[in-house]
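S.K.: Dropping the structure in here first, questions after.
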Amino acid sequence: MIKELTISEAGIAIVIEDLGINYDDRWVLRGFSLQVVQGEKVSLTGPSGSGKSTVLKCILGLLEPREGSINVFGNPVAGDAIWNIRRSLAYVAQEHELGPGSVRQAIERPFAFKANAGQRGNLNRLPTLMDQFNLDLALLDKETSSLSGGEKQRIALILAVLLERQILLLDEASSALDPENKRTVVDFIRQADDLTVLSVAHDAEWLDFADRVVHLSGGTHVKGVQQ
Ligand code: ADP
Ligand code: MG
């Protein structure tokens with residue numbers, strides 16, 4: 001069933017309704033629904049293979065669900081609307097790739113697109129953000145390929161902040177961070193009141209700070225599965 005968004009629901013960032021995804025005739029997820037309010041920080045947990053990354057890919061429009069629907073700020077994730085929707089999303093993955101060239105080039109690249117031109121002035125905030133995330137400014141002149149996993153993750157988060165993305169989708173995005181830097185990132189996100197965060201995470205730092213933890217397990221959200 002696809003529900004129409006009403007004006008009273010304008011503060012809802014993500015609406016997932018009766019999501020069903022299958023690969024090769026095997027349902028990974030079925031009947032999964034979730035609403036995330038604007039500014040809410042939600043952690044998705046569950047065993048490996050329970051469909052956490054799959055949910056994030058569907059929100060990004062990288063994967064088309066077999067059943068159900070996803071709305072982002074009232075817009076269905078389907079067809080051409082996906083490009084517009086992606087402008088409100090930032091996705092940081094476990095093994096995040098920043099693209100070729102130097103870190104500075106990787107950070108500046110998205111601002112060359114017309115869609116992000118309005119945010120170009122935010123690049124002034126880069127030194128402050130690097131400092132906040134415990135990153136040395138000298139890192140900007142290094143090749144992206146030479147960065148550690150944890151450095152790549154923090155640069156990707158900084159980029160999301162500079163682009164003023166309203167929703168952060170984090171897929172084990174702090175897995176390579178040491179405890180101190182994990183705490184820094186969590187604290188930063190916690191004070192960003194308007195930022196909506198859906199994160200796949202296992203560590204206590206994320207589970208403690210989340211407004212809500214949603215557990216995915218073959219069973220909890222799967223109904224009517226054909227055996
Ligand atoms: P999680 O992130 O919770 O570990 P995933 O969402 O990555 O789980 O995967 C859920 C299930 O879907 C797993 O059983 C995985 O093997 C399967 N899966 C994921 N991607 C594909 C694919 N492209 N083709 C076939 N099966 C896939
Ligand atoms: Mg995963």
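The way I read the labels, and the way they are meant: chains A, B, ... in the order of the structure tokens, residue 1 as the first residue of every chain, and ligand 1 as the first ligand shown, with later ones counted on from there.
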Excluding segment 148-159 of chain A and its own-chain neighbours fewer than 6 positions away, which residues fall within 10 Å of it when counting only C-alpha atoms? Please give them as an MDAnalysis selection string.
M.R.: chainID A and resid 90:98 103:104 106:108 110 122:123 125:126 129:130 132:135 139:140 165 168 170 172:178 181:182 185 189
S.K.: Neighbours of ligand 1 within 8 Å, counting only C-alpha atoms and all ligand atoms, as a list in words?
M.R.: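 Listed by chain and ascending number, the contacts are Asn22, Tyr23, Asp24, Val28, Thr45, Gly46, Pro47, Ser48, Gly49, Ser50, Gly51, Lys52, Ser53, Thr54, Val55, Asp171, Val200 and Leu216 of chain A.
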S.K.: How would the residues just chosen look if you wrote them out with C-alpha atoms as a tab-separated table (two decimals), in the first residue's frame?
M.R.:
chain	number	residue	atom	x	y	z
A	22	ASN	CA	14.60	-10.26	-3.20
A	23	TYR	CA	17.68	-11.56	-4.90
A	24	ASP	CA	17.42	-14.70	-6.98
A	28	VAL	CA	16.12	-10.56	1.94
A	45	THR	CA	21.41	-3.14	13.45
A	46	GLY	CA	21.15	-6.82	12.70
A	47	PRO	CA	23.31	-9.76	11.78
A	48	SER	CA	25.42	-9.83	8.66
A	49	GLY	CA	23.20	-10.50	5.66
A	50	SER	CA	20.01	-9.17	7.28
A	51	GLY	CA	19.61	-6.48	4.61
A	52	LYS	CA	20.99	-3.33	6.26
A	53	SER	CA	23.11	-2.22	3.30
A	54	THR	CA	20.27	-3.20	0.98
A	55	VAL	CA	17.89	-0.77	2.74
A	171	ASP	CA	27.01	2.17	6.26
A	200	VAL	CA	24.26	0.96	10.09
A	216	LEU	CA	16.74	-6.16	11.33
S.K.: Would you kindly return, as a PyMOL selection string, each protein, DNA or RNA residue with an atom no farther than 12 Å from any atom of Phe209 of chain A, considering only C-alpha atoms and excluding same-chain residues fewer than 2 positions away?
M.R.: chain A and resi 40-43+182-183+185-191+197+199+201-207+211-213
S.K.: With distances taken over only C-alpha atoms, which of A:Gly20, A:Pro127, A:Pro76, A:Gly121 is nearest to Ile59 of chain A?
M.R.: A:Pro76
S.K.: Taking only C-alpha atoms and all ligand atoms into account, which of A:Glu67, A:Leu44, A:Ile21, A:Val214 comes nearest ligand 2?
M.R.: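 The shortest atom-to-atom distance to ligand 2 comes from A:Leu44.
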S.K.: Using only C-alpha atoms and all ligand atoms, find the one residue out of A:Ala210, A:Ala117, A:Thr196, A:Leu56 that sits nearest to ligand 2.
M.R.: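 Closest to ligand 2, using only C-alpha atoms and all ligand atoms: A:Leu56.
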S.K.: I'd like the interatomic distance between atom CA of Lys57 of chain A and atom CA of Leu169 of chain A, to a tenth of an Å.
M.R.: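 We find that atom CA of Lys57 of chain A and atom CA of Leu169 of chain A lie 9.4 Å from each other.
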S.K.: Mind giving me the straight-line distance from atom CA of Leu19 of chain A to atom CA of Ser69 of chain A in Å, one decimal?
M.R.: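 For atom CA of Leu19 of chain A relative to atom CA of Ser69 of chain A, the distance reads 6.2 Å.
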S.K.: Using DSSP on the backbone, list every residue of chain A that comes out as strand (DSSP E or B), and give them as a PyMOL selection string.
M.R.: chain A and resi 12-23+26-37+41-45+67-72+75-76+89-92+102+143+167-171+196-200+212-215
S.K.: With only C-alpha atoms as the counted atoms, please give the residues lying no more than 8 Å from Ser145 of chain A, apart from itself and same-chain residues fewer than 2 positions off, as a compact mmCIF listing (two decimals) with N, CA and C atoms, in the first residue's frame.
M.R.:
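Done, and the output landed in part-v3.txt:
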# COMPACT_ATOMS: atom_id res chain seq x y z
N PRO A 100 39.82 9.66 -7.81
CA PRO A 100 41.25 9.86 -8.08
C PRO A 100 41.73 11.25 -7.67
N GLU A 143 47.58 12.06 -2.05
CA GLU A 143 46.71 11.31 -2.96
C GLU A 143 45.65 10.58 -2.14
N LEU A 147 45.46 7.45 1.71
CA LEU A 147 44.81 7.67 3.02
C LEU A 147 44.40 6.35 3.68
S.K.: To test your reading of the structure, identify every residue in segment 22-155 of chain A that backbone DSSP assigns to alpha helix (DSSP H), and report it as a PyMOL selection string.
M.R.: chain A and resi 52-59+81-86+103-108+126-132+149-155
S.K.: Suppose we keep N, CA, C and O atoms; can you now write the selection as a CSV table (one decimal), in the first residue's frame?
M.R.:
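Written file, out-v7.csv:
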chain,number,residue,atom,x,y,z
A,52,LYS,N,20.8,-4.7,5.9
A,52,LYS,CA,21.0,-3.3,6.3
A,52,LYS,C,21.5,-2.5,5.1
A,52,LYS,O,21.0,-1.4,4.8
A,53,SER,N,22.6,-3.0,4.4
A,53,SER,CA,23.1,-2.2,3.3
A,53,SER,C,22.1,-2.1,2.2
A,53,SER,O,22.0,-1.1,1.5
A,54,THR,N,21.3,-3.2,2.0
A,54,THR,CA,20.3,-3.2,1.0
A,54,THR,C,19.3,-2.1,1.2
A,54,THR,O,18.8,-1.4,0.2
A,55,VAL,N,18.9,-1.8,2.4
A,55,VAL,CA,17.9,-0.8,2.7
A,55,VAL,C,18.5,0.6,2.3
A,55,VAL,O,17.8,1.4,1.6
A,56,LEU,N,19.8,0.8,2.7
A,56,LEU,CA,20.4,2.1,2.3
A,56,LEU,C,20.5,2.2,0.8
A,56,LEU,O,20.2,3.3,0.2
A,57,LYS,N,20.8,1.2,0.1
A,57,LYS,CA,20.9,1.2,-1.4
A,57,LYS,C,19.5,1.5,-2.0
A,57,LYS,O,19.5,2.2,-3.0
A,58,CYS,N,18.5,1.0,-1.4
A,58,CYS,CA,17.1,1.4,-1.9
A,58,CYS,C,16.8,2.8,-1.7
A,58,CYS,O,16.2,3.5,-2.6
A,59,ILE,N,17.2,3.4,-0.6
A,59,ILE,CA,16.9,4.8,-0.3
A,59,ILE,C,17.7,5.7,-1.3
A,59,ILE,O,17.2,6.7,-1.8
A,81,ALA,N,13.1,11.4,-10.4
A,81,ALA,CA,13.1,12.1,-9.1
A,81,ALA,C,14.4,11.7,-8.3
A,81,ALA,O,14.8,12.4,-7.4
A,82,ILE,N,14.9,10.5,-8.6
A,82,ILE,CA,16.1,10.0,-7.8
A,82,ILE,C,17.2,11.0,-7.9
A,82,ILE,O,17.9,11.2,-6.8
A,83,TRP,N,17.4,11.7,-9.0
A,83,TRP,CA,18.6,12.6,-9.1
A,83,TRP,C,18.4,13.8,-8.1
A,83,TRP,O,19.4,14.2,-7.5
A,84,ASN,N,17.2,14.2,-8.0
A,84,ASN,CA,16.9,15.3,-7.1
A,84,ASN,C,17.0,14.9,-5.7
A,84,ASN,O,17.6,15.6,-4.8
A,85,ILE,N,16.5,13.7,-5.4
A,85,ILE,CA,16.5,13.2,-4.0
A,85,ILE,C,18.0,13.0,-3.6
A,85,ILE,O,18.3,13.3,-2.4
A,86,ARG,N,18.8,12.6,-4.5
A,86,ARG,CA,20.2,12.3,-4.1
A,86,ARG,C,20.9,13.6,-3.6
A,86,ARG,O,21.9,13.6,-2.9
A,103,VAL,N,43.4,14.8,-2.1
A,103,VAL,CA,42.2,14.9,-1.2
A,103,VAL,C,41.5,16.3,-1.5
A,103,VAL,O,40.3,16.3,-1.6
A,104,ARG,N,42.3,17.3,-1.8
A,104,ARG,CA,41.7,18.6,-2.1
A,104,ARG,C,40.9,18.5,-3.3
A,104,ARG,O,39.8,19.0,-3.4
A,105,GLN,N,41.4,17.8,-4.4
A,105,GLN,CA,40.6,17.7,-5.6
A,105,GLN,C,39.3,16.9,-5.3
A,105,GLN,O,38.3,17.3,-5.9
A,106,ALA,N,39.4,15.9,-4.5
A,106,ALA,CA,38.3,15.0,-4.2
A,106,ALA,C,37.2,15.9,-3.5
A,106,ALA,O,36.0,15.7,-3.7
A,107,ILE,N,37.6,16.8,-2.6
A,107,ILE,CA,36.7,17.6,-1.9
A,107,ILE,C,36.1,18.7,-2.8
A,107,ILE,O,34.9,18.9,-2.7
A,108,GLU,N,36.9,19.2,-3.7
A,108,GLU,CA,36.4,20.3,-4.5
A,108,GLU,C,35.6,19.8,-5.7
A,108,GLU,O,34.7,20.6,-6.2
A,126,LEU,N,36.4,24.4,5.5
A,126,LEU,CA,37.2,23.2,5.5
A,126,LEU,C,38.3,23.1,6.6
A,126,LEU,O,38.4,22.1,7.3
A,127,PRO,N,39.1,24.2,6.7
A,127,PRO,CA,40.1,24.1,7.8
A,127,PRO,C,39.6,23.8,9.2
A,127,PRO,O,40.1,23.0,9.9
A,128,THR,N,38.5,24.5,9.5
A,128,THR,CA,37.9,24.3,10.8
A,128,THR,C,37.4,22.9,11.0
A,128,THR,O,37.5,22.2,12.0
A,129,LEU,N,36.7,22.4,9.9
A,129,LEU,CA,36.2,21.0,10.0
A,129,LEU,C,37.3,20.0,10.1
A,129,LEU,O,37.2,19.0,10.8
A,130,MET,N,38.4,20.2,9.3
A,130,MET,CA,39.5,19.3,9.4
A,130,MET,C,40.1,19.2,10.8
A,130,MET,O,40.4,18.2,11.4
A,131,ASP,N,40.1,20.4,11.4
A,131,ASP,CA,40.6,20.5,12.8
A,131,ASP,C,39.7,19.7,13.8
A,131,ASP,O,40.1,18.9,14.6
A,132,GLN,N,38.4,20.0,13.6
A,132,GLN,CA,37.4,19.3,14.4
A,132,GLN,C,37.4,17.8,14.3
A,132,GLN,O,37.2,17.1,15.3
A,149,GLY,N,41.8,4.0,6.0
A,149,GLY,CA,40.3,3.9,5.9
A,149,GLY,C,39.6,4.9,6.8
A,149,GLY,O,38.6,5.6,6.4
A,150,GLY,N,40.1,5.2,8.0
A,150,GLY,CA,39.5,6.1,8.9
A,150,GLY,C,39.6,7.6,8.4
A,150,GLY,O,38.7,8.4,8.6
A,151,GLU,N,40.7,7.9,7.7
A,151,GLU,CA,40.9,9.2,7.2
A,151,GLU,C,39.9,9.4,6.0
A,151,GLU,O,39.2,10.5,5.9
A,152,LYS,N,39.7,8.4,5.2
A,152,LYS,CA,38.8,8.5,4.1
A,152,LYS,C,37.4,8.7,4.6
A,152,LYS,O,36.6,9.5,4.1
A,153,GLN,N,37.0,8.0,5.7
A,153,GLN,CA,35.7,8.1,6.2
A,153,GLN,C,35.4,9.5,6.8
A,153,GLN,O,34.4,10.1,6.6
A,154,ARG,N,36.4,10.1,7.4
A,154,ARG,CA,36.2,11.4,8.0
A,154,ARG,C,36.2,12.5,6.9
A,154,ARG,O,35.4,13.4,6.9
A,155,ILE,N,37.0,12.3,5.8
A,155,ILE,CA,36.9,13.3,4.7
A,155,ILE,C,35.5,13.2,4.0
A,155,ILE,O,34.9,14.2,3.7
S.K.: At a cut-off of 6 Å, using only C-alpha atoms, what residues contact Ser102 of chain A? Leave out same-chain residues fewer than 5 positions from it and give the result as number ranges by chain.
M.R.: A: 141-144
S.K.: Let's have the selection written as a PDB file, in the first residue's frame, with N, CA and C atoms.
M.R.:
ATOM      1  N   ASP A 141      46.911  17.638   0.479  1.00  0.00           N
ATOM      2  CA  ASP A 141      47.785  17.515  -0.689  1.00  0.00           C
ATOM      3  C   ASP A 141      48.208  16.074  -0.968  1.00  0.00           C
ATOM      4  N   LYS A 142      47.729  15.167  -0.158  1.00  0.00           N
ATOM      5  CA  LYS A 142      48.055  13.746  -0.380  1.00  0.00           C
ATOM      6  C   LYS A 142      47.115  13.139  -1.418  1.00  0.00           C
ATOM      7  N   GLU A 143      47.578  12.059  -2.048  1.00  0.00           N
ATOM      8  CA  GLU A 143      46.710  11.308  -2.961  1.00  0.00           C
ATOM      9  C   GLU A 143      45.649  10.577  -2.143  1.00  0.00           C
ATOM     10  N   THR A 144      44.429  10.544  -2.643  1.00  0.00           N
ATOM     11  CA  THR A 144      43.358   9.881  -1.884  1.00  0.00           C
ATOM     12  C   THR A 144      43.709   8.414  -1.609  1.00  0.00           C
TER      13      THR A 144
END
